[in-house]
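Data from work11.cif: mmCIF, C-alpha atoms
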data_query
#
loop_
_atom_site.label_atom_id
_atom_site.label_comp_id
_atom_site.auth_asym_id
_atom_site.auth_seq_id
_atom_site.Cartn_x
_atom_site.Cartn_y
_atom_site.Cartn_z
CA MET G 1 35.25 -9.89 -7.18
CA ARG G 2 36.85 -7.10 -5.16
CA MET G 3 34.83 -4.03 -4.19
CA SER G 4 36.21 -0.54 -3.89
CA PRO G 5 36.17 1.07 -0.40
CA ILE G 6 33.37 3.40 -1.53
CA ALA G 7 31.25 0.47 -2.72
CA VAL G 8 31.81 -1.37 0.58
CA VAL G 9 30.67 1.65 2.62
CA ALA G 10 27.58 2.08 0.42
CA ALA G 11 26.68 -1.61 0.78
CA LEU G 12 27.02 -1.52 4.57
CA ALA G 13 24.89 1.63 4.76
CA PHE G 14 22.21 -0.03 2.65
CA ILE G 15 22.14 -3.14 4.89
CA ALA G 16 21.92 -1.03 8.05
CA ALA G 17 19.09 1.04 6.63
CA CYS G 18 17.11 -2.05 5.65
CA SER G 19 17.42 -3.55 9.13
CA ASP G 20 15.57 -0.55 10.57
CA VAL G 21 12.56 -0.76 8.27
CA PRO G 22 9.54 -2.12 10.21
CA THR G 23 7.37 -4.80 8.69
CA THR G 24 3.64 -4.15 8.25
CA PRO G 25 0.71 -6.36 7.33
CA ALA G 26 -0.95 -6.11 3.95
CA SER G 27 -2.58 -2.71 4.00
CA LYS G 28 -2.41 0.69 2.41
CA ALA G 29 0.97 1.38 3.91
CA GLY G 30 3.33 3.62 2.01
CA THR G 31 5.75 6.52 2.13
CA LEU G 32 3.95 9.68 3.12
CA ALA G 33 4.22 12.56 0.71
CA GLY G 34 5.85 15.84 1.59
CA PRO G 35 9.21 17.61 1.73
CA SER G 36 11.61 17.61 4.68
CA PRO G 37 11.35 20.41 7.27
CA THR G 38 13.94 23.12 6.84
CA LEU G 39 12.35 26.30 8.23
CA GLY G 40 12.92 27.63 11.72
CA ASN G 41 9.32 26.96 12.71
CA GLY G 42 9.56 23.31 11.66
CA PHE G 43 7.37 23.56 8.55
CA PRO G 44 8.70 22.34 5.20
CA GLN G 45 10.37 24.85 2.98
CA GLY G 46 8.23 26.17 0.16
CA GLY G 47 4.60 27.19 -0.03
CA GLN G 48 1.84 24.99 1.31
CA ASP G 49 -1.16 24.01 -0.81
CA TYR G 50 -3.61 24.80 1.98
CA ARG G 51 -3.46 26.32 5.44
CA LEU G 52 -6.05 25.81 8.17
CA SER G 53 -6.42 27.15 11.70
CA ILE G 54 -8.40 25.16 14.28
CA ILE G 55 -9.51 27.64 16.92
CA GLY G 56 -10.71 26.62 20.37
CA VAL G 57 -13.44 28.87 21.78
CA PRO G 58 -14.88 28.97 25.32
CA LYS G 59 -18.47 29.41 24.10
CA ASP G 60 -20.21 27.43 21.36
CA LYS G 61 -20.89 29.26 18.11
CA THR G 62 -24.55 29.70 17.17
CA ALA G 63 -24.07 30.39 13.45
CA SER G 64 -24.20 27.44 11.05
CA MET G 65 -21.18 28.69 9.05
CA ASP G 66 -22.06 26.61 6.00
CA ASN G 67 -20.18 27.24 2.75
CA ASN G 68 -17.64 29.17 4.76
CA ASN G 69 -14.16 28.69 3.34
CA GLY G 70 -12.40 31.05 5.71
CA ARG G 71 -9.56 28.58 6.28
CA ARG G 72 -10.50 28.15 9.93
CA ILE G 73 -12.66 25.81 11.98
CA PHE G 74 -14.02 26.57 15.45
CA VAL G 75 -14.07 23.84 18.11
CA GLN G 76 -14.87 23.74 21.80
CA LEU G 77 -11.96 24.82 23.96
CA TRP G 78 -12.74 22.06 26.44
CA SER G 79 -14.41 18.88 25.19
CA ASP G 80 -15.37 15.42 26.46
CA ASN G 81 -15.13 13.41 23.22
CA THR G 82 -12.32 11.08 24.30
CA VAL G 83 -11.66 7.97 22.20
CA THR G 84 -12.49 5.10 24.56
CA ASP G 85 -11.38 2.21 22.32
CA PRO G 86 -8.28 3.23 20.34
CA GLY G 87 -7.63 0.72 17.58
CA GLY G 88 -11.08 -0.81 17.96
CA GLY G 89 -14.74 -0.35 17.10
CA GLY G 90 -16.17 0.34 20.52
CA ASN G 91 -16.45 4.11 20.20
CA GLY G 92 -20.24 4.36 20.06
CA SER G 93 -20.33 7.64 21.97
CA LEU G 94 -18.71 9.28 18.93
CA ALA G 95 -21.31 8.03 16.43
CA LYS G 96 -22.57 10.55 13.89
CA GLY G 97 -26.13 11.78 14.29
CA GLY G 98 -26.30 11.22 18.02
CA GLY G 99 -26.47 14.95 18.68
CA ASN G 100 -22.96 15.00 20.09
CA ASP G 101 -20.79 15.63 17.06
CA GLN G 102 -19.01 18.57 18.68
CA ASN G 103 -15.30 18.71 17.91
CA HIS G 104 -15.66 16.24 15.05
CA ILE G 105 -14.10 17.41 11.79
CA TYR G 106 -15.87 15.32 9.15
CA LEU G 107 -14.00 14.78 5.89
CA CYS G 108 -15.35 15.28 2.39
CA ASN G 109 -13.63 13.34 -0.41
CA SER G 110 -13.05 16.10 -2.96
CA THR G 111 -11.66 13.64 -5.52
CA ASN G 112 -14.78 11.56 -6.16
CA GLY G 113 -17.07 11.73 -3.13
CA GLU G 114 -16.58 8.06 -2.24
CA ASN G 115 -17.03 6.79 1.33
CA ASP G 116 -16.90 10.22 2.93
CA VAL G 117 -19.28 12.02 5.27
CA VAL G 118 -22.92 11.42 4.39
CA ASP G 119 -23.92 15.04 3.81
CA SER G 120 -25.39 16.81 0.77
CA ARG G 121 -23.11 19.81 1.34
CA CYS G 122 -20.14 17.57 0.74
CA ASP G 123 -21.65 16.13 -2.44
CA ASN G 124 -22.23 19.62 -3.80
CA TYR G 125 -18.71 20.75 -2.97
CA TRP G 126 -16.51 18.13 -4.61
CA GLN G 127 -18.32 18.27 -7.94
CA THR G 128 -17.24 21.89 -8.43
CA ASN G 129 -13.99 21.85 -6.43
CA TYR G 130 -12.25 18.76 -7.73
CA ASN G 131 -9.28 17.58 -5.63
CA GLN G 132 -9.23 20.75 -3.54
CA PHE G 133 -8.93 21.46 0.18
CA GLY G 134 -11.66 23.64 1.66
CA VAL G 135 -13.82 24.34 4.69
CA ILE G 136 -17.47 23.46 4.03
CA ASP G 137 -18.79 23.90 7.57
CA ALA G 138 -16.59 25.93 9.93
CA ASN G 139 -18.63 25.34 13.10
CA GLY G 140 -17.33 22.34 14.99
CA THR G 141 -19.01 23.42 18.24
CA ASP G 142 -22.56 22.55 17.23
CA GLY G 143 -24.44 19.24 17.05
CA ASP G 144 -23.38 18.21 13.54
CA GLY G 145 -19.67 19.03 13.67
CA ALA G 146 -17.48 20.71 11.08
CA ILE G 147 -16.77 19.55 7.51
CA LEU G 148 -13.42 19.83 5.72
CA ALA G 149 -12.84 18.82 2.09
CA VAL G 150 -9.59 16.98 1.33
CA PRO G 151 -8.42 15.03 -1.74
CA ASP G 152 -8.45 11.25 -1.57
CA PRO G 153 -4.85 10.41 -0.54
CA CYS G 154 -4.89 7.02 -2.29
CA ALA G 155 -5.36 5.88 -5.88
CA ASP G 156 -8.25 3.54 -5.05
CA ALA G 157 -10.52 2.66 -2.13
CA LEU G 158 -9.28 -0.87 -1.39
CA ALA G 159 -7.50 -1.35 1.93
CA SER G 160 -5.47 -4.23 0.49
CA THR G 161 -3.88 -2.01 -2.19
CA ALA G 162 -0.58 -0.33 -1.37
CA CYS G 163 -0.79 3.45 -1.06
CA THR G 164 1.73 6.24 -1.40
CA PRO G 165 -0.29 9.25 -0.18
CA THR G 166 -0.63 12.21 -2.53
CA TRP G 167 -0.47 14.79 0.26
CA SER G 168 0.85 15.32 3.77
CA VAL G 169 -0.23 17.43 6.74
CA TRP G 170 1.94 19.23 9.28
CA ALA G 171 0.82 20.82 12.56
CA ARG G 172 1.97 23.44 15.02
CA ALA G 173 0.18 24.09 18.31
CA LEU G 174 0.33 27.81 19.01
CA ALA G 175 -1.38 28.70 22.29
CA GLY G 176 -3.05 27.16 25.31
CA GLY G 177 -3.00 23.56 26.49
CA ASN G 178 -3.15 20.46 24.32
CA ALA G 179 -5.46 18.52 22.01
CA THR G 180 -5.56 14.90 20.86
CA LEU G 181 -6.40 14.22 17.20
CA THR G 182 -7.55 10.76 16.12
CA THR G 183 -8.83 9.46 12.78
CA CYS G 184 -12.16 7.62 13.05
CA ALA G 185 -14.87 6.23 10.74
CA THR G 186 -18.11 4.24 10.76
CA ASP G 187 -18.03 0.55 9.81
CA THR G 188 -20.25 -0.16 6.78
CA ALA G 189 -19.24 -3.78 6.17
CA THR G 190 -21.15 -5.41 9.01
CA GLY G 191 -24.31 -3.31 9.23
CA THR G 192 -23.57 -2.49 12.88
CA SER G 193 -22.43 1.12 12.26
CA SER G 194 -19.65 0.69 14.81
CA VAL G 195 -17.31 3.65 15.15
CA TRP G 196 -13.68 2.65 14.73
CA CYS G 197 -10.85 4.95 15.79
CA GLY G 198 -7.13 4.52 15.25
CA SER G 199 -4.61 3.64 17.92
CA ASN G 200 -2.31 6.16 16.17
CA GLY G 201 -3.88 9.33 17.54
CA ILE G 202 -1.53 12.14 18.55
CA THR G 203 -1.53 14.73 21.34
CA LEU G 204 -0.15 18.15 20.42
CA TYR G 205 1.11 20.59 23.03
CA ALA G 206 1.37 24.36 22.62
CA LYS G 207 4.65 24.43 24.54
CA SER G 208 6.38 22.41 21.79
CA LYS G 209 6.31 25.44 19.41
CA LYS G 210 7.73 23.54 16.40
CA ALA G 211 5.68 22.05 13.56
CA ILE G 212 5.70 18.28 13.08
CA ASP G 213 4.52 15.92 10.36
CA ILE G 214 1.24 14.29 11.52
CA SER G 215 0.39 12.57 8.23
CA GLY G 216 0.83 9.20 9.95
CA ASN G 217 -1.90 10.17 12.41
CA LEU G 218 -4.50 11.84 10.20
CA LEU G 219 -4.29 10.11 6.81
CA TYR G 220 -5.17 6.69 8.18
CA MET G 221 -6.37 4.91 11.30
CA THR G 222 -4.42 1.96 12.69
CA ILE G 223 -6.92 -0.67 13.82
CA THR G 224 -6.81 -4.29 14.98
CA VAL G 225 -9.52 -6.50 13.50
CA ASP G 226 -10.37 -9.89 15.00
CA GLY G 227 -11.48 -11.97 12.02
CA VAL G 228 -13.35 -14.44 14.24
CA VAL G 229 -15.39 -11.72 15.96
CA ASN G 230 -15.73 -9.50 12.85
CA PRO G 231 -15.51 -11.83 9.83
CA LEU G 232 -17.41 -9.50 7.49
CA LEU G 233 -15.17 -6.55 8.24
CA ALA G 234 -12.04 -8.71 7.98
CA ALA G 235 -13.19 -10.03 4.60
CA CYS G 236 -13.93 -6.49 3.39
CA LEU G 237 -10.45 -5.37 4.43
CA GLY G 238 -8.84 -8.43 2.87
CA THR G 239 -7.36 -9.69 6.14
CA SER G 240 -7.50 -12.96 8.08
CA THR G 241 -10.89 -14.27 9.18
CA THR G 242 -9.27 -16.73 11.61
CA GLY G 243 -7.15 -14.39 13.72
CA SER G 244 -6.34 -10.76 14.54
CA THR G 245 -4.67 -8.37 12.11
CA THR G 246 -3.38 -4.85 12.70
CA LEU G 247 -3.48 -2.64 9.64
CA ASN G 248 -3.65 0.96 8.44
CA VAL G 249 -6.96 1.97 6.91
CA PHE G 250 -6.50 5.13 4.85
CA LEU G 251 -9.12 7.84 4.42
CA PHE G 252 -12.06 6.86 2.20
CA ASP G 253 -11.37 3.11 2.05
CA ASN G 254 -14.46 1.12 1.08
CA CYS G 255 -15.25 -0.61 4.38
CA PHE G 256 -16.04 2.62 6.23
CA GLU G 257 -17.77 5.97 5.77
CA ASN G 258 -18.24 9.18 7.76
CA TYR G 259 -14.49 9.57 8.18
CA PHE G 260 -13.61 12.28 10.70
CA TRP G 261 -10.83 13.66 12.83
CA ASN G 262 -11.81 13.57 16.47
CA TYR G 263 -10.47 16.72 18.12
CA ASP G 264 -10.41 16.07 21.87
CA ASN G 265 -9.50 19.49 23.19
CA ASN G 266 -7.91 20.24 26.54
CA GLY G 267 -7.51 23.99 26.29
CA LEU G 268 -5.59 24.33 23.00
CA LYS G 269 -6.58 27.72 21.60
CA ASN G 270 -5.03 27.56 18.15
CA LEU G 271 -3.67 24.74 16.02
CA GLU G 272 -2.16 25.54 12.64
CA LEU G 273 -2.31 22.85 9.95
CA ARG G 274 -0.52 23.06 6.60
CA PHE G 275 -1.24 20.66 3.75
CA TYR G 276 1.29 19.81 1.04
CA LYS G 277 0.53 17.93 -2.15
CA ALA G 278 3.20 15.58 -3.46
CA PRO G 279 5.14 16.92 -6.46
CA ALA G 280 3.98 15.58 -9.81
CA ALA G 281 6.00 12.59 -10.99
#
The structure given in the file should be rewritten as structure tokens.
Amino acid sequence: MRMSPIAVVAALAFIAACSDVPTTPASKAGTLAGPSPTLGNGFPQGGQDYRLSIIGVPKDKTASMDNNNGRRIFVQLWSDNTVTDPGGGGNGSLAKGGGNDQNHIYLCNSTNGENDVVDSRCDNYWQTNYNQFGVIDANGTDGDGAILAVPDPCADALASTACTPTWSVWARALAGGNATLTTCATDTATGTSSVWCGSNGITLYAKSKKAIDISGNLLYMTITVDGVVNPLLAACLGTSTTGSTTLNVFLFDNCFENYFWNYDNNGLKNLELRFYKAPAA
């Protein structure tokens, strides 16, 4: 059967595109939601569903700032909360409740409250603000960190189920130095309360000026689990218990709780985040 020139070109384009698609292990991997950037500042065209400013301050705030949905969170301008084991569970210095939760932005699951930060303020919020973004605690400079409500990006809480996220997040660093954002959470499968942080953290620089899509950094953490060393966690995640597996664990998956974005600040004064929900099918 002969093909028209147009059909031949289309077939070759399809084959070339497929050859560039990376393979991933069984995990909640999927196409991130959100439109393409078209504006001069790099943000997608059209209105965002939520806008948040993360403001670095030289002195810690003393106010609790609970129930404060001012669309901004304050963090320390200079912090020492570096992720020491990216992709692994050896980040004990970042454990919740140790009195050093500064520059942690804990996440409240505003869809159903599952597997999020263990905090009564979060429980109270999502029951009256279903599926909404919102600042619950704006003070990230104190001992218990900040709290931000976000919808669950995935349809269920199983890491082995494919996920096409229901929202995306874009960022633009506006002034100062730089900051590294990393998604982290506490292991609940083994009873060890190990803090796992993704190897997919991102450093944002004020000099870059343009907004970029950081959904692939904040909506999940990329971790490597050794099934021999951590058989309970591997079994919970549905991965091999006889070898190592690298996978993406999306926000609010069952095997972890106390999900947070670690904001390791090196002088960044203002970071603008915009959140976009996926269009209804």
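Residues selected in this file by the PyMOL selection byres ((chain G and resi 52) around 9) comprise Tyr50, Arg51, Ser53, Ile54, Gly70, Arg71, Arg72, Ile73, Gly134, Val135, Leu271, Glu272, Leu273, Arg274 and Phe275 of chain G.
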Could you dump the residues just selected with C-alpha atoms as a compact mmCIF listing (two decimals), keeping the file's coordinate frame?
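This is the output file out_22.txt:
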# COMPACT_ATOMS: atom_id res chain seq x y z
CA TYR G 50 -3.61 24.80 1.98
CA ARG G 51 -3.46 26.32 5.44
CA SER G 53 -6.42 27.15 11.70
CA ILE G 54 -8.40 25.16 14.28
CA GLY G 70 -12.40 31.05 5.71
CA ARG G 71 -9.56 28.58 6.28
CA ARG G 72 -10.50 28.15 9.93
CA ILE G 73 -12.66 25.81 11.98
CA GLY G 134 -11.66 23.64 1.66
CA VAL G 135 -13.82 24.34 4.69
CA LEU G 271 -3.67 24.74 16.02
CA GLU G 272 -2.16 25.54 12.64
CA LEU G 273 -2.31 22.85 9.95
CA ARG G 274 -0.52 23.06 6.60
CA PHE G 275 -1.24 20.66 3.75
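Excluding Ala206 of chain G itself and same-chain residues fewer than 3 positions from it, the residues having an atom within 7 Å of it are G:Ala173, G:Leu174, G:Ala175, G:Gly176, G:Gly177, G:Asn178, G:Lys209, G:Leu268, counting all atoms listed in the file.
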Between G:Gly227, G:Pro153, G:Gly140, G:Gly267, which is the closest to Asp60 of chain G once you count only C-alpha atoms? G:Gly140
Taking 5 positions as the minimum chain separation for residues in the same chain, which residues sit within 10 Å of Asn230 of chain G when counting all atoms listed in the file? Answer as a list in words. Ala189, Thr190, Val225, Ala235, Thr241, Thr242, Gly243 and Ser244 of chain G
On this structure, which residues satisfy the PyMOL selection byres ((chain G and resi 202) around 6), written as number ranges by chain? G: 180-181, 201, 203
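Separating atom CA of Thr128 of chain G from atom CA of Leu251 of chain G is a distance of 20.7 Å.
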To verify the selection step, state as a VMD selection string which residues the PyMOL selection byres ((chain G and resi 131) around 9) yields on this input. chain G and resid 109 to 112 126 129 to 130 132 to 133 149 to 152
